[in-house]
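So this one's final.cif, mmCIF, C-alpha atoms and all ligand atoms; chains and numbers go by the auth columns:
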```cif
data_entry
#
loop_
_atom_site.group_PDB
_atom_site.id
_atom_site.type_symbol
_atom_site.label_atom_id
_atom_site.label_comp_id
_atom_site.label_asym_id
_atom_site.label_seq_id
_atom_site.Cartn_x
_atom_site.Cartn_y
_atom_site.Cartn_z
_atom_site.B_iso_or_equiv
_atom_site.auth_seq_id
_atom_site.auth_asym_id
ATOM 1 C CA MET A 1 20.195 -14.895 21.242 0.00 499 Z
ATOM 2 C CA GLU A 2 21.634 -11.388 21.285 0.00 500 Z
ATOM 3 C CA CYS A 3 25.371 -10.784 21.054 0.00 501 Z
ATOM 4 C CA ASP A 4 28.146 -8.392 20.080 0.00 502 Z
ATOM 5 C CA LEU A 5 29.026 -9.319 16.481 0.00 503 Z
ATOM 6 C CA GLY A 6 32.363 -7.552 16.824 0.00 504 Z
ATOM 7 C CA ASN A 7 33.233 -9.968 19.603 0.00 505 Z
ATOM 8 C CA LYS A 8 31.317 -13.159 18.890 0.00 506 Z
ATOM 9 C CA PRO A 9 30.841 -15.444 21.889 0.00 507 Z
ATOM 10 C CA GLU A 10 31.824 -19.151 21.667 0.00 508 Z
ATOM 11 C CA GLU A 11 28.171 -19.960 22.152 0.00 509 Z
ATOM 12 C CA LEU A 12 27.232 -18.409 18.801 0.00 510 Z
ATOM 13 C CA LEU A 13 29.637 -20.670 16.888 0.00 511 Z
ATOM 14 C CA ARG A 14 28.424 -23.670 18.869 0.00 512 Z
ATOM 15 C CA LEU A 15 24.793 -22.909 18.013 0.00 513 Z
ATOM 16 C CA ASN A 16 25.243 -21.770 14.418 0.00 514 Z
ATOM 17 C CA PRO A 17 28.107 -23.077 12.257 0.00 515 Z
ATOM 18 C CA TYR A 18 27.780 -19.907 10.126 0.00 516 Z
ATOM 19 C CA ALA A 19 28.398 -17.819 13.297 0.00 517 Z
ATOM 20 C CA LYS A 20 25.632 -15.386 12.349 0.00 518 Z
ATOM 21 C CA VAL A 21 22.517 -14.042 14.013 0.00 519 Z
ATOM 22 C CA PRO A 22 19.623 -14.548 14.241 0.00 520 Z
ATOM 23 C CA VAL A 23 19.610 -17.846 16.116 0.00 521 Z
ATOM 24 C CA LEU A 24 16.461 -19.137 17.802 0.00 522 Z
ATOM 25 C CA VAL A 25 16.816 -21.459 20.781 0.00 523 Z
ATOM 26 C CA ASP A 26 13.528 -23.141 21.674 0.00 524 Z
ATOM 27 C CA GLY A 27 14.141 -25.719 24.387 0.00 525 Z
ATOM 28 C CA ASP A 28 16.445 -28.310 22.798 0.00 526 Z
ATOM 29 C CA THR A 29 15.791 -26.975 19.319 0.00 527 Z
ATOM 30 C CA VAL A 30 18.258 -24.606 17.693 0.00 528 Z
ATOM 31 C CA VAL A 31 17.225 -22.901 14.456 0.00 529 Z
ATOM 32 C CA TYR A 32 19.262 -20.482 12.340 0.00 530 Z
ATOM 33 C CA GLU A 33 18.793 -18.715 8.994 0.00 531 Z
ATOM 34 C CA SER A 34 16.044 -16.122 9.314 0.00 532 Z
ATOM 35 C CA ALA A 35 13.780 -17.664 6.646 0.00 533 Z
ATOM 36 C CA VAL A 36 13.934 -21.034 8.422 0.00 534 Z
ATOM 37 C CA ILE A 37 13.310 -19.391 11.806 0.00 535 Z
ATOM 38 C CA ASN A 38 10.250 -17.632 10.381 0.00 536 Z
ATOM 39 C CA GLU A 39 8.839 -20.900 9.005 0.00 537 Z
ATOM 40 C CA TYR A 40 9.554 -22.647 12.312 0.00 538 Z
ATOM 41 C CA LEU A 41 7.580 -19.983 14.204 0.00 539 Z
ATOM 42 C CA GLU A 42 4.811 -20.102 11.601 0.00 540 Z
ATOM 43 C CA GLU A 43 4.428 -23.846 12.117 0.00 541 Z
ATOM 44 C CA LYS A 44 4.769 -23.641 15.881 0.00 542 Z
ATOM 45 C CA PHE A 45 2.015 -21.017 16.192 0.00 543 Z
ATOM 46 C CA PRO A 46 -0.660 -22.017 13.659 0.00 544 Z
ATOM 47 C CA GLN A 47 -3.224 -19.813 15.434 0.00 545 Z
ATOM 48 C CA THR A 48 -1.513 -16.787 13.823 0.00 546 Z
ATOM 49 C CA PRO A 49 -1.221 -17.884 10.196 0.00 547 Z
ATOM 50 C CA LEU A 50 1.276 -15.929 8.140 0.00 548 Z
ATOM 51 C CA MET A 51 1.312 -18.242 5.118 0.00 549 Z
ATOM 52 C CA PRO A 52 -1.607 -18.456 2.669 0.00 550 Z
ATOM 53 C CA ARG A 53 -3.519 -21.725 2.498 0.00 551 Z
ATOM 54 C CA ASP A 54 -3.454 -21.768 -1.299 0.00 552 Z
ATOM 55 C CA LEU A 55 -0.551 -23.773 -2.741 0.00 553 Z
ATOM 56 C CA ALA A 56 0.158 -21.348 -5.604 0.00 554 Z
ATOM 57 C CA LEU A 57 0.190 -18.341 -3.249 0.00 555 Z
ATOM 58 C CA ARG A 58 2.486 -20.230 -0.847 0.00 556 Z
ATOM 59 C CA SER A 59 5.014 -20.642 -3.623 0.00 557 Z
ATOM 60 C CA GLN A 60 4.709 -16.908 -4.459 0.00 558 Z
ATOM 61 C CA VAL A 61 5.421 -16.048 -0.828 0.00 559 Z
ATOM 62 C CA ARG A 62 8.562 -18.216 -0.969 0.00 560 Z
ATOM 63 C CA ILE A 63 9.668 -16.615 -4.245 0.00 561 Z
ATOM 64 C CA TRP A 64 9.505 -13.103 -2.722 0.00 562 Z
ATOM 65 C CA ILE A 65 11.250 -14.272 0.436 0.00 563 Z
ATOM 66 C CA ASP A 66 14.023 -15.637 -1.762 0.00 564 Z
ATOM 67 C CA PHE A 67 14.148 -12.366 -3.719 0.00 565 Z
ATOM 68 C CA CYS A 68 14.688 -10.458 -0.494 0.00 566 Z
ATOM 69 C CA ASN A 69 17.353 -12.762 0.884 0.00 567 Z
ATOM 70 C CA THR A 70 19.360 -13.679 -2.198 0.00 568 Z
ATOM 71 C CA ARG A 71 19.059 -10.460 -4.230 0.00 569 Z
ATOM 72 C CA LEU A 72 18.036 -7.399 -2.212 0.00 570 Z
ATOM 73 C CA GLN A 73 19.883 -8.248 1.007 0.00 571 Z
ATOM 74 C CA ALA A 74 22.865 -9.610 -0.906 0.00 572 Z
ATOM 75 C CA ALA A 75 23.337 -6.363 -2.859 0.00 573 Z
ATOM 76 C CA ALA A 76 22.696 -4.242 0.257 0.00 574 Z
ATOM 77 C CA GLY A 77 25.137 -6.328 2.323 0.00 575 Z
ATOM 78 C CA ASN A 78 27.850 -5.909 -0.301 0.00 576 Z
ATOM 79 C CA ILE A 79 27.331 -2.132 -0.292 0.00 577 Z
ATOM 80 C CA ARG A 80 27.498 -2.074 3.474 0.00 578 Z
ATOM 81 C CA HIS A 81 30.778 -4.010 3.447 0.00 579 Z
ATOM 82 C CA ASP A 82 32.246 -1.854 0.643 0.00 580 Z
ATOM 83 C CA HIS A 83 32.395 -4.756 -1.782 0.00 581 Z
ATOM 84 C CA ASP A 84 32.064 -3.870 -5.477 0.00 582 Z
ATOM 85 C CA VAL A 85 29.915 -0.901 -4.435 0.00 583 Z
ATOM 86 C CA GLU A 86 29.250 0.556 -7.880 0.00 584 Z
ATOM 87 C CA ASN A 87 27.832 -2.658 -9.354 0.00 585 Z
ATOM 88 C CA ASN A 88 25.906 -3.505 -6.207 0.00 586 Z
ATOM 89 C CA ARG A 89 24.313 -0.054 -6.136 0.00 587 Z
ATOM 90 C CA LYS A 90 23.095 -0.668 -9.687 0.00 588 Z
ATOM 91 C CA ARG A 91 21.788 -4.103 -8.705 0.00 589 Z
ATOM 92 C CA LEU A 92 20.068 -2.685 -5.648 0.00 590 Z
ATOM 93 C CA ALA A 93 18.415 0.097 -7.676 0.00 591 Z
ATOM 94 C CA GLN A 94 17.091 -2.518 -10.118 0.00 592 Z
ATOM 95 C CA HIS A 95 15.750 -4.680 -7.256 0.00 593 Z
ATOM 96 C CA LEU A 96 13.991 -1.670 -5.719 0.00 594 Z
ATOM 97 C CA LYS A 97 12.402 -0.900 -9.101 0.00 595 Z
ATOM 98 C CA THR A 98 11.223 -4.514 -9.382 0.00 596 Z
ATOM 99 C CA LEU A 99 9.632 -4.220 -5.940 0.00 597 Z
ATOM 100 C CA ASP A 100 8.007 -0.903 -6.816 0.00 598 Z
ATOM 101 C CA GLU A 101 6.424 -2.479 -9.898 0.00 599 Z
ATOM 102 C CA ARG A 102 5.305 -5.480 -7.865 0.00 600 Z
ATOM 103 C CA MET A 103 3.623 -3.284 -5.242 0.00 601 Z
ATOM 104 C CA ALA A 104 1.567 -1.244 -7.734 0.00 602 Z
ATOM 105 C CA GLY A 105 -2.073 -1.501 -6.669 0.00 603 Z
ATOM 106 C CA GLN A 106 -1.517 -3.860 -3.744 0.00 604 Z
ATOM 107 C CA ASP A 107 -1.105 -3.515 0.006 0.00 605 Z
ATOM 108 C CA PHE A 108 0.953 -6.668 0.606 0.00 606 Z
ATOM 109 C CA ILE A 109 3.473 -8.369 -1.593 0.00 607 Z
ATOM 110 C CA VAL A 110 1.418 -11.593 -1.949 0.00 608 Z
ATOM 111 C CA GLY A 111 -2.264 -11.720 -0.933 0.00 609 Z
ATOM 112 C CA ASP A 112 -2.673 -10.838 2.752 0.00 610 Z
ATOM 113 C CA TYR A 113 0.068 -9.874 5.214 0.00 611 Z
ATOM 114 C CA SER A 114 2.484 -12.800 5.222 0.00 612 Z
ATOM 115 C CA LEU A 115 6.001 -14.009 5.970 0.00 613 Z
ATOM 116 C CA ALA A 116 6.995 -12.411 2.659 0.00 614 Z
ATOM 117 C CA ASP A 117 6.164 -8.886 3.910 0.00 615 Z
ATOM 118 C CA ILE A 118 7.825 -9.630 7.239 0.00 616 Z
ATOM 119 C CA THR A 119 11.047 -10.681 5.513 0.00 617 Z
ATOM 120 C CA TYR A 120 11.530 -7.158 4.112 0.00 618 Z
ATOM 121 C CA ILE A 121 11.047 -5.322 7.414 0.00 619 Z
ATOM 122 C CA PRO A 122 14.668 -5.609 8.646 0.00 620 Z
ATOM 123 C CA PHE A 123 15.853 -4.186 5.323 0.00 621 Z
ATOM 124 C CA PHE A 124 13.471 -1.240 5.656 0.00 622 Z
ATOM 125 C CA THR A 125 14.331 -0.541 9.295 0.00 623 Z
ATOM 126 C CA ARG A 126 18.059 -0.497 8.445 0.00 624 Z
ATOM 127 C CA GLY A 127 17.827 1.423 5.157 0.00 625 Z
ATOM 128 C CA ASP A 128 20.328 4.026 6.354 0.00 626 Z
ATOM 129 C CA HIS A 129 22.986 1.295 6.952 0.00 627 Z
ATOM 130 C CA TYR A 130 22.803 0.479 3.275 0.00 628 Z
ATOM 131 C CA ARG A 131 22.740 4.119 2.145 0.00 629 Z
ATOM 132 C CA VAL A 132 19.395 3.413 0.445 0.00 630 Z
ATOM 133 C CA SER A 133 16.826 6.085 -0.196 0.00 631 Z
ATOM 134 C CA ILE A 134 13.289 5.150 -1.162 0.00 632 Z
ATOM 135 C CA GLY A 135 11.694 8.361 -2.383 0.00 633 Z
ATOM 136 C CA ASP A 136 8.832 9.598 -4.530 0.00 634 Z
ATOM 137 C CA ASP A 137 10.368 7.944 -7.598 0.00 635 Z
ATOM 138 C CA LEU A 138 9.369 4.585 -6.027 0.00 636 Z
ATOM 139 C CA PRO A 139 5.851 5.483 -4.779 0.00 637 Z
ATOM 140 C CA ASN A 140 4.434 1.957 -4.445 0.00 638 Z
ATOM 141 C CA LEU A 141 7.479 0.677 -2.614 0.00 639 Z
ATOM 142 C CA LYS A 142 7.489 3.748 -0.344 0.00 640 Z
ATOM 143 C CA ARG A 143 3.812 3.255 0.546 0.00 641 Z
ATOM 144 C CA TRP A 144 4.380 -0.434 1.362 0.00 642 Z
ATOM 145 C CA ARG A 145 7.559 0.315 3.364 0.00 643 Z
ATOM 146 C CA ASP A 146 5.827 3.070 5.358 0.00 644 Z
ATOM 147 C CA SER A 147 2.780 0.899 6.094 0.00 645 Z
ATOM 148 C CA LEU A 148 4.988 -1.949 7.341 0.00 646 Z
ATOM 149 C CA LEU A 149 7.003 0.394 9.557 0.00 647 Z
ATOM 150 C CA GLU A 150 3.751 1.788 11.009 0.00 648 Z
ATOM 151 C CA ARG A 151 2.600 -1.630 12.241 0.00 649 Z
ATOM 152 C CA PRO A 152 2.432 -1.562 16.060 0.00 650 Z
ATOM 153 C CA LYS A 153 4.532 -4.742 16.470 0.00 651 Z
ATOM 154 C CA VAL A 154 7.208 -3.323 14.182 0.00 652 Z
ATOM 155 C CA LYS A 155 7.220 0.028 16.001 0.00 653 Z
ATOM 156 C CA ALA A 156 7.515 -1.779 19.334 0.00 654 Z
ATOM 157 C CA THR A 157 10.581 -3.760 18.212 0.00 655 Z
ATOM 158 C CA PRO A 158 13.875 -2.081 19.146 0.00 656 Z
HETATM 159 N N1 LIG B . 21.199 -15.604 5.642 0.00 1 D
HETATM 160 C C1 LIG B . 21.306 -15.225 7.028 0.00 1 D
HETATM 161 C C2 LIG B . 22.113 -13.960 7.130 0.00 1 D
HETATM 162 C C3 LIG B . 22.355 -13.572 8.572 0.00 1 D
HETATM 163 C C4 LIG B . 23.341 -12.417 8.680 0.00 1 D
HETATM 164 O O1 LIG B . 24.032 -12.032 7.736 0.00 1 D
HETATM 165 N N2 LIG B . 23.411 -11.870 9.898 0.00 1 D
HETATM 166 C C5 LIG B . 24.321 -10.803 10.168 0.00 1 D
HETATM 167 C C6 LIG B . 23.666 -9.780 11.070 0.00 1 D
HETATM 168 S S1 LIG B . 22.230 -9.086 10.354 0.00 1 D
HETATM 169 C C7 LIG B . 25.516 -11.346 10.926 0.00 1 D
HETATM 170 O O2 LIG B . 25.371 -12.179 11.806 0.00 1 D
HETATM 171 N N3 LIG B . 26.699 -10.853 10.592 0.00 1 D
HETATM 172 C C8 LIG B . 27.886 -11.228 11.264 0.00 1 D
HETATM 173 C C9 LIG B . 28.876 -11.885 10.371 0.00 1 D
HETATM 174 O O3 LIG B . 28.579 -12.138 9.192 0.00 1 D
HETATM 175 O O4 LIG B . 29.987 -12.145 10.855 0.00 1 D
HETATM 176 C C10 LIG B . 19.913 -15.078 7.651 0.00 1 D
HETATM 177 O O5 LIG B . 18.989 -14.664 6.950 0.00 1 D
HETATM 178 O O6 LIG B . 19.753 -15.397 8.833 0.00 1 D
#
```

Is it possible to give me this structure as C-alpha cells?
Ligand SMILES: N[C@@H](CCC(=O)N[C@@H](CS)C(=O)NCC(=O)O)C(=O)O
Amino acid sequence: MECDLGNKPEELLRLNPYAKVPVLVDGDTVVYESAVINEYLEEKFPQTPLMPRDLALRSQVRIWIDFCNTRLQAAAGNIRHDHDVENNRKRLAQHLKTLDERMAGQDFIVGDYSLADITYIPFFTRGDHYRVSIGDDLPNLKRWRDSLLERPKVKATP
C-alpha cells in the first residue's frame, strides 16, 4: 500500500502493528518487513529465482541482507532523524568501507544478482536523504551502486 507517513491512515496500523511501510497485501495475506516481503515474493514466483540454490550461498545472502537492514539502514536512519549524528556518521562510514571491500572484484554481493543486491537499492536511491556521498574513495561500492541503479527495472521504479 502507498500512504502519507505524516498522516498515517487507520488501515496501515490495522495491517502492520509497527505502522510502517512497506506492507504487501496479496489477497487475504498481509506481509510486512521488507526482508520478509522479498522472501514471500521470491517463494511465490519461483520462475524468477533471486536466491542461490546452494545452502552456503543462501546463508551469505541472508547475512548481507541483515547487514543492510540492521547496520547500514540503522545508522542511516539515525542520521536522517538527527539521532546521535556524529557517532552514526562514523558507523555509516565504516559500513560503507566494509561494503567497498566486499565488492572488490565482484559484480554482485553474493554470487549472481540476488535478494541481497536488491535489499541495498532503496538505500542507494535515497542516498541524498541520508547525506551520504559514495565517491572515488569507495570505487568498488560506487561501481556496484551505479550498476544497480542502471538496471531497467530500478530506473522504471518511481
Ligand atoms: N524494518 C522495516 C523498516 C520500515 C521503515 O522504517 N519504513 C519507513 C519508511 S522507509 C516508515 O514506514 N517510517 C514511518 C515511521 O517509522 O513512522 C522494513 O524493512 O520494512

Write out as a list in words the residues lying within 9 Å of stretch 565-572 of chain Z, counting all atoms listed in the file and excluding same-chain residues fewer than 5 positions away.
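Using all atoms listed in the file, the neighbours found are Ala533, Arg560, Ile577, Asn586, Arg589, Leu590, His593, Leu594, Ala614, Thr617, Tyr618 and Phe621 of chain Z.
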
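Using only C-alpha atoms for every distance, the candidate list Z:Asn514, Z:Ser612, Z:Thr527, Z:Gln604 yields Z:Ser612 as the residue closest to Z:Thr546.
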
Step by step, work through what the PyMOL selection byres (((not hetatm)) within 10 of (chain D and resi 1)) selects in the shown file, and finish by giving those residues as a PyMOL selection string.
chain Z and resi 501-506+510+514+516-521+529-536+566-568+571-572+575+617+620-621+624

Can you work out the spacing between atom CA of Z:Pro547 and atom CA of Z:Gly625 in Å, to one decimal?
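The value is 27.6 Å.
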
Of the residues Z:Asp626, Z:Glu599, Z:Asp644, Z:Asp615, which is the one nearest to Z:Trp562, using all atoms listed in the file?
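Smallest separation from Z:Trp562 among the options: Z:Asp615.
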
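One distance worth recording is that between atom CA of Z:Val630 and atom CA of Z:Ala654, which is 22.9 Å.
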
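Taking only C-alpha atoms into account, Z:Asp598 lies nearest to Z:Arg643 out of the set Z:Arg512, Z:Arg629, Z:Lys651, Z:Arg643.
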
Which residue is closest to Z:Gly609? Choose from Z:Pro507, Z:Pro515, Z:Pro656, Z:Pro550 and count all atoms listed in the file.
Z:Pro550

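In this comparison, which uses all atoms listed in the file, the residue of Z:Glu508, Z:Asp524, Z:Arg600, Z:Tyr628 approaching Z:Val583 most closely is Z:Tyr628.
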
What does the PyMOL selection byres (((chain Z and resi 642) around 10) and not hetatm) select in this file, as a ChimeraX atom specification?
/Z:597-598,601-602,604-607,615,637-641,643-648

Those same residues, written as a PDB file, keeping the file's coordinate frame with C-alpha atoms?
```
ATOM      1  CA  LEU Z 597       9.632  -4.220  -5.940  1.00  0.00           C
ATOM      2  CA  ASP Z 598       8.007  -0.903  -6.816  1.00  0.00           C
ATOM      3  CA  MET Z 601       3.623  -3.284  -5.242  1.00  0.00           C
ATOM      4  CA  ALA Z 602       1.567  -1.244  -7.734  1.00  0.00           C
ATOM      5  CA  GLN Z 604      -1.517  -3.860  -3.744  1.00  0.00           C
ATOM      6  CA  ASP Z 605      -1.105  -3.515   0.006  1.00  0.00           C
ATOM      7  CA  PHE Z 606       0.953  -6.668   0.606  1.00  0.00           C
ATOM      8  CA  ILE Z 607       3.473  -8.369  -1.593  1.00  0.00           C
ATOM      9  CA  ASP Z 615       6.164  -8.886   3.910  1.00  0.00           C
ATOM     10  CA  PRO Z 637       5.851   5.483  -4.779  1.00  0.00           C
ATOM     11  CA  ASN Z 638       4.434   1.957  -4.445  1.00  0.00           C
ATOM     12  CA  LEU Z 639       7.479   0.677  -2.614  1.00  0.00           C
ATOM     13  CA  LYS Z 640       7.489   3.748  -0.344  1.00  0.00           C
ATOM     14  CA  ARG Z 641       3.812   3.255   0.546  1.00  0.00           C
ATOM     15  CA  ARG Z 643       7.559   0.315   3.364  1.00  0.00           C
ATOM     16  CA  ASP Z 644       5.827   3.070   5.358  1.00  0.00           C
ATOM     17  CA  SER Z 645       2.780   0.899   6.094  1.00  0.00           C
ATOM     18  CA  LEU Z 646       4.988  -1.949   7.341  1.00  0.00           C
ATOM     19  CA  LEU Z 647       7.003   0.394   9.557  1.00  0.00           C
ATOM     20  CA  GLU Z 648       3.751   1.788  11.009  1.00  0.00           C
TER      21      GLU Z 648
END
```

When you draw a straight line from atom CA of Z:Arg587 to atom CA of Z:Ser557, how long is it in Å?
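Taking atom CA of Z:Arg587 and atom CA of Z:Ser557, their separation equals 28.3 Å.
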
Closest to Z:Asp552 among Z:Asp610, Z:Asn576, Z:Glu540, Z:Gln592, using all atoms listed in the file?
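Residue with the minimum atom-to-atom distance to Z:Asp552: Z:Asp610.
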